[in-house]
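Engineer: Structure file data-v1.cif, mmCIF, C-alpha atoms, pLDDT in the B column; chains and numbers go by the auth columns, is pasted below:
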```cif
data_my_file
loop_
_atom_site.group_PDB
_atom_site.id
_atom_site.type_symbol
_atom_site.label_atom_id
_atom_site.label_comp_id
_atom_site.label_asym_id
_atom_site.label_seq_id
_atom_site.Cartn_x
_atom_site.Cartn_y
_atom_site.Cartn_z
_atom_site.B_iso_or_equiv
_atom_site.auth_seq_id
_atom_site.auth_asym_id
ATOM 1 C CA ASP A 1 -89.708 37.935 10.518 56.00 1 A
ATOM 2 C CA HIS A 2 -86.890 40.313 11.416 60.00 2 A
ATOM 3 C CA PRO A 3 -83.546 38.489 10.906 66.00 3 A
ATOM 4 C CA ARG A 4 -82.339 39.410 14.397 63.00 4 A
ATOM 5 C CA ILE A 5 -85.540 38.121 16.024 65.00 5 A
ATOM 6 C CA ALA A 6 -85.190 34.871 14.104 68.00 6 A
ATOM 7 C CA ARG A 7 -81.895 34.256 15.905 74.00 7 A
ATOM 8 C CA VAL A 8 -83.485 34.543 19.361 82.00 8 A
ATOM 9 C CA ALA A 9 -84.203 31.237 21.090 84.00 9 A
ATOM 10 C CA TYR A 10 -86.527 30.823 24.069 87.00 10 A
ATOM 11 C CA TYR A 11 -86.172 27.950 26.522 88.00 11 A
ATOM 12 C CA TYR A 12 -88.426 27.129 29.440 90.00 12 A
ATOM 13 C CA GLN A 13 -87.412 25.456 32.668 92.00 13 A
ATOM 14 C CA PRO A 14 -89.071 25.348 36.102 93.00 14 A
ATOM 15 C CA ASN A 15 -88.067 28.336 38.219 92.00 15 A
ATOM 16 C CA ALA A 16 -84.778 27.485 39.927 92.00 16 A
ATOM 17 C CA GLY A 17 -83.477 31.034 40.326 92.00 17 A
ATOM 18 C CA LYS A 18 -81.587 33.412 38.073 93.00 18 A
ATOM 19 C CA ALA A 19 -78.240 31.629 38.465 96.00 19 A
ATOM 20 C CA ALA A 20 -79.671 28.365 37.144 96.00 20 A
ATOM 21 C CA ALA A 21 -81.450 30.199 34.306 95.00 21 A
ATOM 22 C CA ARG A 22 -78.240 31.928 33.247 96.00 22 A
ATOM 23 C CA ASN A 23 -76.335 28.639 33.330 97.00 23 A
ATOM 24 C CA THR A 24 -78.961 27.010 31.115 96.00 24 A
ATOM 25 C CA GLY A 25 -78.714 29.834 28.603 94.00 25 A
ATOM 26 C CA ALA A 26 -74.905 29.604 28.558 96.00 26 A
ATOM 27 C CA ALA A 27 -75.010 25.849 28.015 95.00 27 A
ATOM 28 C CA ARG A 28 -77.452 26.117 25.082 93.00 28 A
ATOM 29 C CA THR A 29 -75.928 29.023 23.181 91.00 29 A
ATOM 30 C CA LEU A 30 -73.367 28.483 20.430 87.00 30 A
ATOM 31 C CA GLY A 31 -71.668 31.893 20.499 90.00 31 A
ATOM 32 C CA ASP A 32 -68.135 32.649 21.644 95.00 32 A
ATOM 33 C CA PHE A 33 -69.216 35.352 24.110 97.00 33 A
ATOM 34 C CA LEU A 34 -71.900 35.651 26.782 97.00 34 A
ATOM 35 C CA LEU A 35 -73.623 38.658 28.307 97.00 35 A
ATOM 36 C CA PHE A 36 -76.366 38.252 30.925 97.00 36 A
ATOM 37 C CA ILE A 37 -78.798 41.173 30.891 94.00 37 A
ATOM 38 C CA ASP A 38 -81.883 41.721 33.059 91.00 38 A
ATOM 39 C CA ASP A 39 -85.146 42.384 31.263 89.00 39 A
ATOM 40 C CA ASP A 40 -85.483 45.956 32.563 90.00 40 A
ATOM 41 C CA ASP A 41 -81.968 47.152 31.657 93.00 41 A
ATOM 42 C CA LEU A 42 -80.897 48.632 28.306 94.00 42 A
ATOM 43 C CA LEU A 43 -77.697 48.091 26.337 96.00 43 A
ATOM 44 C CA THR A 44 -76.299 51.140 24.584 95.00 44 A
ATOM 45 C CA GLN A 45 -76.427 51.069 20.803 93.00 45 A
ATOM 46 C CA ASP A 46 -72.840 49.927 20.239 93.00 46 A
ATOM 47 C CA ALA A 47 -72.340 47.993 23.481 95.00 47 A
ATOM 48 C CA LEU A 48 -71.944 44.496 22.077 95.00 48 A
ATOM 49 C CA SER A 49 -69.684 45.440 19.163 95.00 49 A
ATOM 50 C CA TYR A 50 -67.546 47.580 21.477 95.00 50 A
ATOM 51 C CA LEU A 51 -67.171 44.873 24.135 96.00 51 A
ATOM 52 C CA VAL A 52 -66.357 42.152 21.602 96.00 52 A
ATOM 53 C CA GLU A 53 -63.823 44.404 19.849 96.00 53 A
ATOM 54 C CA LYS A 54 -62.055 45.264 23.118 95.00 54 A
ATOM 55 C CA ALA A 55 -62.142 41.677 24.386 96.00 55 A
ATOM 56 C CA LYS A 56 -60.387 40.542 21.210 96.00 56 A
ATOM 57 C CA GLU A 57 -57.979 43.485 21.282 95.00 57 A
ATOM 58 C CA HIS A 58 -56.840 42.670 24.840 95.00 58 A
ATOM 59 C CA ASN A 59 -57.354 38.908 24.565 96.00 59 A
ATOM 60 C CA ALA A 60 -59.522 39.252 27.661 97.00 60 A
ATOM 61 C CA ASP A 61 -61.634 36.425 29.049 98.00 61 A
ATOM 62 C CA VAL A 62 -63.882 38.914 30.828 98.00 62 A
ATOM 63 C CA LEU A 63 -64.419 42.492 29.731 97.00 63 A
ATOM 64 C CA GLY A 64 -66.777 44.918 31.403 97.00 64 A
ATOM 65 C CA GLY A 65 -67.858 48.461 30.726 96.00 65 A
ATOM 66 C CA LEU A 66 -69.625 51.015 32.887 95.00 66 A
ATOM 67 C CA CYS A 67 -73.323 51.180 33.685 94.00 67 A
ATOM 68 C CA LEU A 68 -75.382 54.365 33.919 92.00 68 A
ATOM 69 C CA PRO A 69 -78.258 54.271 36.431 89.00 69 A
ATOM 70 C CA PHE A 70 -81.645 55.556 35.318 87.00 70 A
ATOM 71 C CA GLY A 71 -85.150 55.580 36.724 81.00 71 A
ATOM 72 C CA ASP A 72 -85.546 56.287 40.461 71.00 72 A
ATOM 73 C CA THR A 73 -82.128 57.886 40.884 70.00 73 A
ATOM 74 C CA ARG A 74 -80.587 61.347 40.977 67.00 74 A
ATOM 75 C CA LYS A 75 -77.444 60.194 39.211 66.00 75 A
ATOM 76 C CA LYS A 76 -77.916 60.965 35.528 66.00 76 A
ATOM 77 C CA ARG A 77 -74.319 61.243 34.306 73.00 77 A
ATOM 78 C CA ILE A 78 -71.101 59.304 34.654 77.00 78 A
ATOM 79 C CA ILE A 79 -67.528 60.164 33.698 77.00 79 A
ATOM 80 C CA GLU A 80 -66.307 58.112 30.747 80.00 80 A
ATOM 81 C CA ASP A 81 -62.838 57.562 29.333 81.00 81 A
ATOM 82 C CA PRO A 82 -63.288 54.991 26.518 76.00 82 A
ATOM 83 C CA GLY A 83 -59.571 54.832 25.852 78.00 83 A
ATOM 84 C CA SER A 84 -58.812 53.806 29.427 83.00 84 A
ATOM 85 C CA SER A 85 -58.961 50.274 30.787 88.00 85 A
ATOM 86 C CA GLN A 86 -57.991 48.521 33.990 93.00 86 A
ATOM 87 C CA LEU A 87 -56.814 44.971 34.582 96.00 87 A
ATOM 88 C CA LEU A 88 -58.636 43.457 37.562 97.00 88 A
ATOM 89 C CA ASP A 89 -57.580 40.659 39.898 96.00 89 A
ATOM 90 C CA ALA A 90 -59.164 38.915 42.869 96.00 90 A
ATOM 91 C CA GLU A 91 -57.938 41.632 45.231 96.00 91 A
ATOM 92 C CA SER A 92 -59.858 44.203 43.161 97.00 92 A
ATOM 93 C CA PHE A 93 -63.093 42.403 44.031 97.00 93 A
ATOM 94 C CA PHE A 94 -62.259 42.364 47.738 98.00 94 A
ATOM 95 C CA TRP A 95 -62.378 46.148 47.491 97.00 95 A
ATOM 96 C CA GLY A 96 -65.927 45.731 46.175 96.00 96 A
ATOM 97 C CA CYS A 97 -67.715 44.116 43.269 95.00 97 A
ATOM 98 C CA GLN A 98 -66.305 46.049 40.330 96.00 98 A
ATOM 99 C CA PHE A 99 -69.342 45.375 38.146 96.00 99 A
ATOM 100 C CA ARG A 100 -72.757 46.479 39.358 93.00 100 A
ATOM 101 C CA THR A 101 -74.674 44.011 37.193 94.00 101 A
ATOM 102 C CA PRO A 102 -73.762 41.169 34.789 96.00 102 A
ATOM 103 C CA GLY A 103 -75.407 43.135 31.980 96.00 103 A
ATOM 104 C CA GLN A 104 -72.290 45.314 31.695 97.00 104 A
ATOM 105 C CA VAL A 105 -69.912 42.349 31.408 98.00 105 A
ATOM 106 C CA LEU A 106 -68.913 40.221 28.410 98.00 106 A
ATOM 107 C CA VAL A 107 -67.506 36.754 29.189 98.00 107 A
ATOM 108 C CA ARG A 108 -65.926 34.218 26.875 98.00 108 A
ATOM 109 C CA ARG A 109 -68.231 31.215 26.832 97.00 109 A
ATOM 110 C CA GLY A 110 -65.412 28.690 27.156 97.00 110 A
ATOM 111 C CA THR A 111 -64.008 30.402 30.241 98.00 111 A
ATOM 112 C CA PHE A 112 -67.481 30.703 31.755 98.00 112 A
ATOM 113 C CA LEU A 113 -68.170 26.980 31.301 97.00 113 A
ATOM 114 C CA LYS A 114 -64.725 26.096 32.665 97.00 114 A
ATOM 115 C CA SER A 115 -65.491 28.124 35.805 97.00 115 A
ATOM 116 C CA GLY A 116 -68.635 26.106 36.476 96.00 116 A
ATOM 117 C CA GLY A 117 -70.883 29.118 35.910 97.00 117 A
ATOM 118 C CA PHE A 118 -73.062 30.785 38.502 98.00 118 A
ATOM 119 C CA ASP A 119 -73.636 28.947 41.775 98.00 119 A
ATOM 120 C CA PRO A 120 -77.392 28.171 41.943 97.00 120 A
ATOM 121 C CA SER A 121 -77.202 27.806 45.733 96.00 121 A
ATOM 122 C CA LEU A 122 -76.526 31.551 46.044 96.00 122 A
ATOM 123 C CA LYS A 123 -79.494 33.911 45.969 93.00 123 A
ATOM 124 C CA HIS A 124 -77.231 36.950 46.380 94.00 124 A
ATOM 125 C CA ALA A 125 -73.601 37.752 45.461 96.00 125 A
ATOM 126 C CA GLU A 126 -73.591 35.007 42.826 97.00 126 A
ATOM 127 C CA ASP A 127 -71.998 37.444 40.361 97.00 127 A
ATOM 128 C CA LEU A 128 -69.221 38.375 42.817 97.00 128 A
ATOM 129 C CA ASP A 129 -68.525 34.679 43.339 98.00 129 A
ATOM 130 C CA LEU A 130 -68.272 34.118 39.577 98.00 130 A
ATOM 131 C CA TYR A 131 -65.914 37.055 38.999 98.00 131 A
ATOM 132 C CA LEU A 132 -63.575 35.867 41.744 97.00 132 A
ATOM 133 C CA ARG A 133 -63.374 32.424 40.137 97.00 133 A
ATOM 134 C CA LEU A 134 -62.909 33.913 36.674 97.00 134 A
ATOM 135 C CA CYS A 135 -59.931 35.908 37.971 96.00 135 A
ATOM 136 C CA ASP A 136 -58.177 32.568 38.544 95.00 136 A
ATOM 137 C CA LEU A 137 -58.878 31.399 34.994 96.00 137 A
ATOM 138 C CA GLY A 138 -57.995 34.324 32.770 95.00 138 A
ATOM 139 C CA SER A 139 -57.768 38.031 32.130 96.00 139 A
ATOM 140 C CA VAL A 140 -60.483 40.259 33.635 97.00 140 A
ATOM 141 C CA ARG A 141 -60.562 43.850 32.410 97.00 141 A
ATOM 142 C CA GLN A 142 -62.812 46.902 32.689 96.00 142 A
ATOM 143 C CA HIS A 143 -63.133 49.723 30.155 95.00 143 A
ATOM 144 C CA GLN A 144 -64.327 53.184 31.146 94.00 144 A
ATOM 145 C CA LYS A 145 -67.199 53.409 28.675 95.00 145 A
ATOM 146 C CA VAL A 146 -70.924 53.172 29.405 95.00 146 A
ATOM 147 C CA VAL A 147 -72.363 50.044 27.796 96.00 147 A
ATOM 148 C CA LEU A 148 -75.518 49.590 29.880 96.00 148 A
ATOM 149 C CA LYS A 149 -78.331 51.682 31.292 94.00 149 A
ATOM 150 C CA TYR A 150 -79.181 50.116 34.652 92.00 150 A
ATOM 151 C CA ARG A 151 -82.709 50.684 35.869 89.00 151 A
ATOM 152 C CA ILE A 152 -83.079 51.796 39.488 84.00 152 A
ATOM 153 C CA HIS A 153 -86.435 51.114 41.128 77.00 153 A
ATOM 154 C CA SER A 154 -87.714 50.453 44.625 66.00 154 A
ATOM 155 C CA SER A 155 -87.006 46.719 44.543 62.00 155 A
ATOM 156 C CA ASN A 156 -83.284 47.414 43.949 59.00 156 A
ATOM 157 C CA GLU A 157 -83.071 48.988 47.388 54.00 157 A
ATOM 158 C CA THR A 158 -85.499 46.857 49.403 54.00 158 A
ATOM 159 C CA LYS A 159 -83.669 43.549 49.240 73.00 159 A
ATOM 160 C CA ASN A 160 -82.913 42.089 52.647 89.00 160 A
ATOM 161 C CA VAL A 161 -79.472 43.471 53.493 95.00 161 A
ATOM 162 C CA THR A 162 -78.806 40.729 56.035 95.00 162 A
ATOM 163 C CA ASN A 163 -79.263 38.071 53.348 95.00 163 A
ATOM 164 C CA ILE A 164 -76.913 39.999 51.067 95.00 164 A
ATOM 165 C CA ALA A 165 -74.357 40.359 53.892 97.00 165 A
ATOM 166 C CA ASN A 166 -74.486 36.639 54.721 97.00 166 A
ATOM 167 C CA ALA A 167 -74.102 35.612 51.082 97.00 167 A
ATOM 168 C CA THR A 168 -71.237 38.065 50.550 97.00 168 A
ATOM 169 C CA HIS A 169 -69.412 36.726 53.619 98.00 169 A
ATOM 170 C CA ARG A 170 -69.822 33.159 52.386 98.00 170 A
ATOM 171 C CA VAL A 171 -68.504 34.053 48.914 98.00 171 A
ATOM 172 C CA LEU A 172 -65.465 35.973 50.148 98.00 172 A
ATOM 173 C CA MET A 173 -64.507 33.330 52.718 97.00 173 A
ATOM 174 C CA ARG A 174 -64.664 30.438 50.290 96.00 174 A
ATOM 175 C CA ASN A 175 -62.686 32.315 47.665 96.00 175 A
ATOM 176 C CA MET A 176 -59.848 32.703 50.159 95.00 176 A
ATOM 177 C CA VAL A 177 -59.611 28.970 50.810 89.00 177 A
ATOM 178 C CA HIS A 178 -56.407 28.608 48.756 86.00 178 A
ATOM 179 C CA THR A 179 -54.707 31.643 50.297 88.00 179 A
ATOM 180 C CA ASN A 180 -52.648 31.774 53.469 86.00 180 A
ATOM 181 C CA GLY A 181 -50.228 33.880 55.424 90.00 181 A
ATOM 182 C CA ALA A 182 -49.697 37.489 54.395 94.00 182 A
ATOM 183 C CA GLN A 183 -51.949 37.268 51.335 94.00 183 A
ATOM 184 C CA ARG A 184 -54.923 36.052 53.368 96.00 184 A
ATOM 185 C CA LYS A 185 -54.370 38.728 56.011 96.00 185 A
ATOM 186 C CA ARG A 186 -54.268 41.400 53.320 96.00 186 A
ATOM 187 C CA LEU A 187 -57.505 40.167 51.669 97.00 187 A
ATOM 188 C CA CYS A 188 -59.224 40.015 55.072 97.00 188 A
ATOM 189 C CA ARG A 189 -58.121 43.547 55.902 97.00 189 A
ATOM 190 C CA ILE A 190 -59.319 44.888 52.557 98.00 190 A
ATOM 191 C CA GLY A 191 -62.597 42.953 52.578 97.00 191 A
ATOM 192 C CA ASN A 192 -63.443 43.899 56.157 97.00 192 A
ATOM 193 C CA TYR A 193 -62.872 47.569 55.425 97.00 193 A
ATOM 194 C CA ALA A 194 -64.637 47.732 52.066 97.00 194 A
ATOM 195 C CA TYR A 195 -67.633 45.459 52.574 97.00 195 A
ATOM 196 C CA ARG A 196 -68.379 46.431 56.183 97.00 196 A
ATOM 197 C CA ARG A 197 -68.495 50.038 54.993 97.00 197 A
ATOM 198 C CA TYR A 198 -70.640 49.253 51.942 96.00 198 A
ATOM 199 C CA LEU A 199 -73.087 46.977 53.754 97.00 199 A
ATOM 200 C CA SER A 200 -73.404 49.365 56.705 97.00 200 A
ATOM 201 C CA ARG A 201 -74.414 52.070 54.243 96.00 201 A
ATOM 202 C CA ARG A 202 -77.029 49.722 52.750 94.00 202 A
ATOM 203 C CA TYR A 203 -78.494 49.123 56.227 96.00 203 A
ATOM 204 C CA ILE A 204 -78.554 52.846 56.994 96.00 204 A
ATOM 205 C CA LEU A 205 -80.233 53.771 53.706 92.00 205 A
ATOM 206 C CA GLN A 206 -82.839 51.076 54.209 92.00 206 A
ATOM 207 C CA GLY A 207 -83.455 52.253 57.774 95.00 207 A
ATOM 208 C CA LEU A 208 -83.872 55.869 56.659 95.00 208 A
ATOM 209 C CA LYS A 209 -86.330 54.764 54.005 90.00 209 A
ATOM 210 C CA ALA A 210 -88.378 52.954 56.668 93.00 210 A
ATOM 211 C CA ILE A 211 -88.366 56.072 58.864 95.00 211 A
ATOM 212 C CA ARG A 212 -89.502 58.281 55.979 93.00 212 A
ATOM 213 C CA SER A 213 -92.337 55.823 55.373 93.00 213 A
ATOM 214 C CA LEU A 214 -93.233 55.946 59.109 95.00 214 A
ATOM 215 C CA ASP A 215 -92.593 52.201 59.278 95.00 215 A
ATOM 216 C CA LEU A 216 -91.082 52.327 62.755 95.00 216 A
ATOM 217 C CA MET A 217 -91.159 48.563 63.346 95.00 217 A
ATOM 218 C CA SER A 218 -89.036 47.994 60.231 94.00 218 A
ATOM 219 C CA ALA A 219 -86.704 50.811 61.261 96.00 219 A
ATOM 220 C CA ILE A 220 -86.155 49.196 64.668 96.00 220 A
ATOM 221 C CA ARG A 221 -85.582 45.781 63.071 95.00 221 A
ATOM 222 C CA ILE A 222 -83.061 47.182 60.602 96.00 222 A
ATOM 223 C CA THR A 223 -81.220 49.034 63.381 96.00 223 A
ATOM 224 C CA ARG A 224 -80.908 45.797 65.371 97.00 224 A
ATOM 225 C CA GLU A 225 -79.669 43.951 62.283 97.00 225 A
ATOM 226 C CA LEU A 226 -77.116 46.690 61.640 97.00 226 A
ATOM 227 C CA LEU A 227 -75.794 46.497 65.207 97.00 227 A
ATOM 228 C CA TYR A 228 -75.497 42.715 64.986 97.00 228 A
ATOM 229 C CA PHE A 229 -73.791 43.000 61.596 97.00 229 A
ATOM 230 C CA ARG A 230 -71.221 45.478 62.945 96.00 230 A
ATOM 231 C CA LYS A 231 -70.520 43.124 65.846 96.00 231 A
ATOM 232 C CA SER A 232 -70.304 39.822 63.968 97.00 232 A
ATOM 233 C CA TRP A 233 -69.398 40.316 60.262 97.00 233 A
ATOM 234 C CA PHE A 234 -65.668 39.771 59.863 97.00 234 A
ATOM 235 C CA LEU A 235 -63.422 37.944 57.413 96.00 235 A
ATOM 236 C CA THR A 236 -60.801 35.815 59.165 94.00 236 A
#
```
If you took the structure in this file and wrote it as structure tokens, what would it be?
Structural biologist:
Amino acid sequence: DHPRIARVAYYYQPNAGKAAARNTGAARTLGDFLLFIDDDDLLTQDALSYLVEKAKEHNADVLGGLCLPFGDTRKKRIIEDPGSSQLLDAESFFWGCQFRTPGQVLVRRGTFLKSGGFDPSLKHAEDLDLYLRLCDLGSVRQHQKVVLKYRIHSSNETKNVTNIANATHRVLMRNMVHTNGAQRKRLCRIGNYAYRRYLSRRYILQGLKAIRSLDLMSAIRITRELLYFRKSWFLT
């Protein structure tokens, strides 16, 4: 009978993936702001009030904070500067996805619905795709304050990197469709540098994990996938 619990609504739909589930939640809620949090992550005590306050202060359509990893990770601290914020644009996201998880990001519901929401056809990089489209619709800003504790566990690191790489390539390419000339060349140069480096590191870490587990067949497979990735993954 807690008043906060009474305001929680539960809706069921057949499993169509997390993007479809998030879109359903956004369509059914009546609030002005949305925040999509995974069930194993934890918001800090003042996260919501802080994000709403800063979104209103800056008239931001999207406002993110920082996330602090916990669980199976050595990183226990992060440098904060709550008074500092950064305005992000599409180019920022070609340097890398600036938000690790949607749970650290507040979005105005109207802007989210105008964007079309998450793309249910994407099993990976659906958040990157959304942020790139939101950059075209309004102000996207990040504040240097931890608002989420992001749980690290084995399944975070065992996702198929090739599937992630393919989805990321698809997202970046289609979000350059309205660019041309010097701008497109610049985005390709940035994206090739940043994402080839990031994804290569993901392959290497996954390969090392397989070796430590004496799973030599997986290590060989990952090495082959890495070599193919380095040869074929380019933005043009």
Engineer: Using the file's own x, y and z axes, what box holds all listed atoms of region 31-38 of chain A with 6 Å on each side, keeping edges along x, y and z, and what are its centre and edge lengths in Å to one decimal, as lines of an AutoDock Vina configuration file?
Structural biologist:
```
center_x = -75.0
center_y = 36.8
center_z = 26.8
size_x = 25.7
size_y = 21.8
size_z = 24.6
```
Engineer: Check the smallest atom-to-atom distance from each of A:Gly17, A:Trp233, A:Asp215, A:Arg224 to Tyr193 (chain A) using only C-alpha atoms, then report the winner.
Structural biologist: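 Nearest to Tyr193 (chain A): A:Trp233.
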Engineer: Could you list the residues chosen by the PyMOL selection byres ((chain A and resi 195) around 10) in this structure as a VMD selection string?
Structural biologist: chain A and resid 94 to 97 165 168 to 169 190 to 194 196 to 201 233 to 235
Engineer: Contacts of region 63-69 of chain A at 10 Å or less, counting only C-alpha atoms, minus same-chain residues fewer than 6 places along, as a PyMOL selection string?
Structural biologist: chain A and resi 35+41-44+47+50-52+54-56+75-80+82+85-88+98-108+139-153
Engineer: Could you check which residues have any atom within 9 Å of (-77.6, 36.2, 61.1), counting all atoms listed in the file with coordinates taken straight from the file, and then list them as a ChimeraX atom specification?
Structural biologist: /A:162-163,165-166,225,228-229,232
Engineer: Give me, as JSON lines, the closest atom pair and its distance (Å, one decimal) for every residue of region 37-136 of chain A within a cut-off of 9 Å of region 18-21 of chain A, counting only C-alpha atoms, rows sorted by chain and rising number.
Structural biologist:
```
{"residue": "A:Gly117", "atom": "CA", "partner": "A:Ala19", "partner_atom": "CA", "distance": 8.2}
{"residue": "A:Phe118", "atom": "CA", "partner": "A:Ala19", "partner_atom": "CA", "distance": 5.2}
{"residue": "A:Asp119", "atom": "CA", "partner": "A:Ala19", "partner_atom": "CA", "distance": 6.3}
{"residue": "A:Pro120", "atom": "CA", "partner": "A:Ala19", "partner_atom": "CA", "distance": 5.0}
{"residue": "A:Ser121", "atom": "CA", "partner": "A:Ala19", "partner_atom": "CA", "distance": 8.3}
{"residue": "A:Leu122", "atom": "CA", "partner": "A:Ala19", "partner_atom": "CA", "distance": 7.8}
{"residue": "A:Lys123", "atom": "CA", "partner": "A:Ala19", "partner_atom": "CA", "distance": 7.9}
{"residue": "A:Glu126", "atom": "CA", "partner": "A:Ala19", "partner_atom": "CA", "distance": 7.2}
{"residue": "A:Asp127", "atom": "CA", "partner": "A:Ala19", "partner_atom": "CA", "distance": 8.7}
```
Engineer: So, with only C-alpha atoms as the atoms that count, which of A:Leu128, A:Val171, A:Leu134, A:Ile37 lies closest to Ser115 (chain A)?
Structural biologist: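 Among the listed residues, A:Leu134 lies closest to Ser115 (chain A).
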Engineer: Quick one: of A:Met217, A:Arg109, A:Arg170, A:Phe33, who's nearest to Ala125 (chain A), counting all atoms listed in the file?
Structural biologist: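 Between A:Met217, A:Arg109, A:Arg170, A:Phe33, the residue approaching Ala125 (chain A) most closely is A:Arg170.
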Engineer: Go ahead and compute the interatomic distance for CA of Phe112 (chain A) and CA of Gln45 (chain A), in Å to one decimal.
Structural biologist: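 Distance reported for this atom pair: 24.8 Å.
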Engineer: Quick one, how far is CA of Ala182 (chain A) from CA of Cys135 (chain A)?
Structural biologist: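 CA of Ala182 (chain A) sits 19.4 Å away from CA of Cys135 (chain A).
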Engineer: Between CA of Phe36 (chain A) and CA of Asp72 (chain A), what distance in Å does the model show, to one decimal?
Structural biologist: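 Interatomic distance, CA of Phe36 (chain A) to CA of Asp72 (chain A): 22.4 Å.
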Engineer: I would like the residues chosen by the PyMOL selection byres ((chain A and resi 207) around 12) on the shown file; could you give them as an MDAnalysis selection string?
Structural biologist: chainID A and resid 157:158 160:161 200:206 208:226
Engineer: Looking at A:Tyr12, A:Gly116, A:Val62, A:Gly71, which one is nearest to Ala26 (chain A), with distances taken over only C-alpha atoms?
Structural biologist: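 Among the listed residues, A:Gly116 lies closest to Ala26 (chain A).
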Engineer: List as a VMD selection string the protein and nucleic acid residues near Leu113 (chain A), meaning an atom at most 12 Å away when all atoms listed in the file are counted, but skip any in the same chain fewer than 6 places from it.
Structural biologist: chain A and resid 22 to 29 32 to 34 61 107 119 130 133 to 134 137
Engineer: Those selected residues, please, written with C-alpha atoms and delivered as a PDB file, keeping the file's coordinate frame.
Structural biologist:
```pdb
ATOM      1  CA  ARG A  22     -78.240  31.928  33.247  1.00 96.00           C
ATOM      2  CA  ASN A  23     -76.335  28.639  33.330  1.00 97.00           C
ATOM      3  CA  THR A  24     -78.961  27.010  31.115  1.00 96.00           C
ATOM      4  CA  GLY A  25     -78.714  29.834  28.603  1.00 94.00           C
ATOM      5  CA  ALA A  26     -74.905  29.604  28.558  1.00 96.00           C
ATOM      6  CA  ALA A  27     -75.010  25.849  28.015  1.00 95.00           C
ATOM      7  CA  ARG A  28     -77.452  26.117  25.082  1.00 93.00           C
ATOM      8  CA  THR A  29     -75.928  29.023  23.181  1.00 91.00           C
ATOM      9  CA  ASP A  32     -68.135  32.649  21.644  1.00 95.00           C
ATOM     10  CA  PHE A  33     -69.216  35.352  24.110  1.00 97.00           C
ATOM     11  CA  LEU A  34     -71.900  35.651  26.782  1.00 97.00           C
ATOM     12  CA  ASP A  61     -61.634  36.425  29.049  1.00 98.00           C
ATOM     13  CA  VAL A 107     -67.506  36.754  29.189  1.00 98.00           C
ATOM     14  CA  ASP A 119     -73.636  28.947  41.775  1.00 98.00           C
ATOM     15  CA  LEU A 130     -68.272  34.118  39.577  1.00 98.00           C
ATOM     16  CA  ARG A 133     -63.374  32.424  40.137  1.00 97.00           C
ATOM     17  CA  LEU A 134     -62.909  33.913  36.674  1.00 97.00           C
ATOM     18  CA  LEU A 137     -58.878  31.399  34.994  1.00 96.00           C
TER      19      LEU A 137
END
```
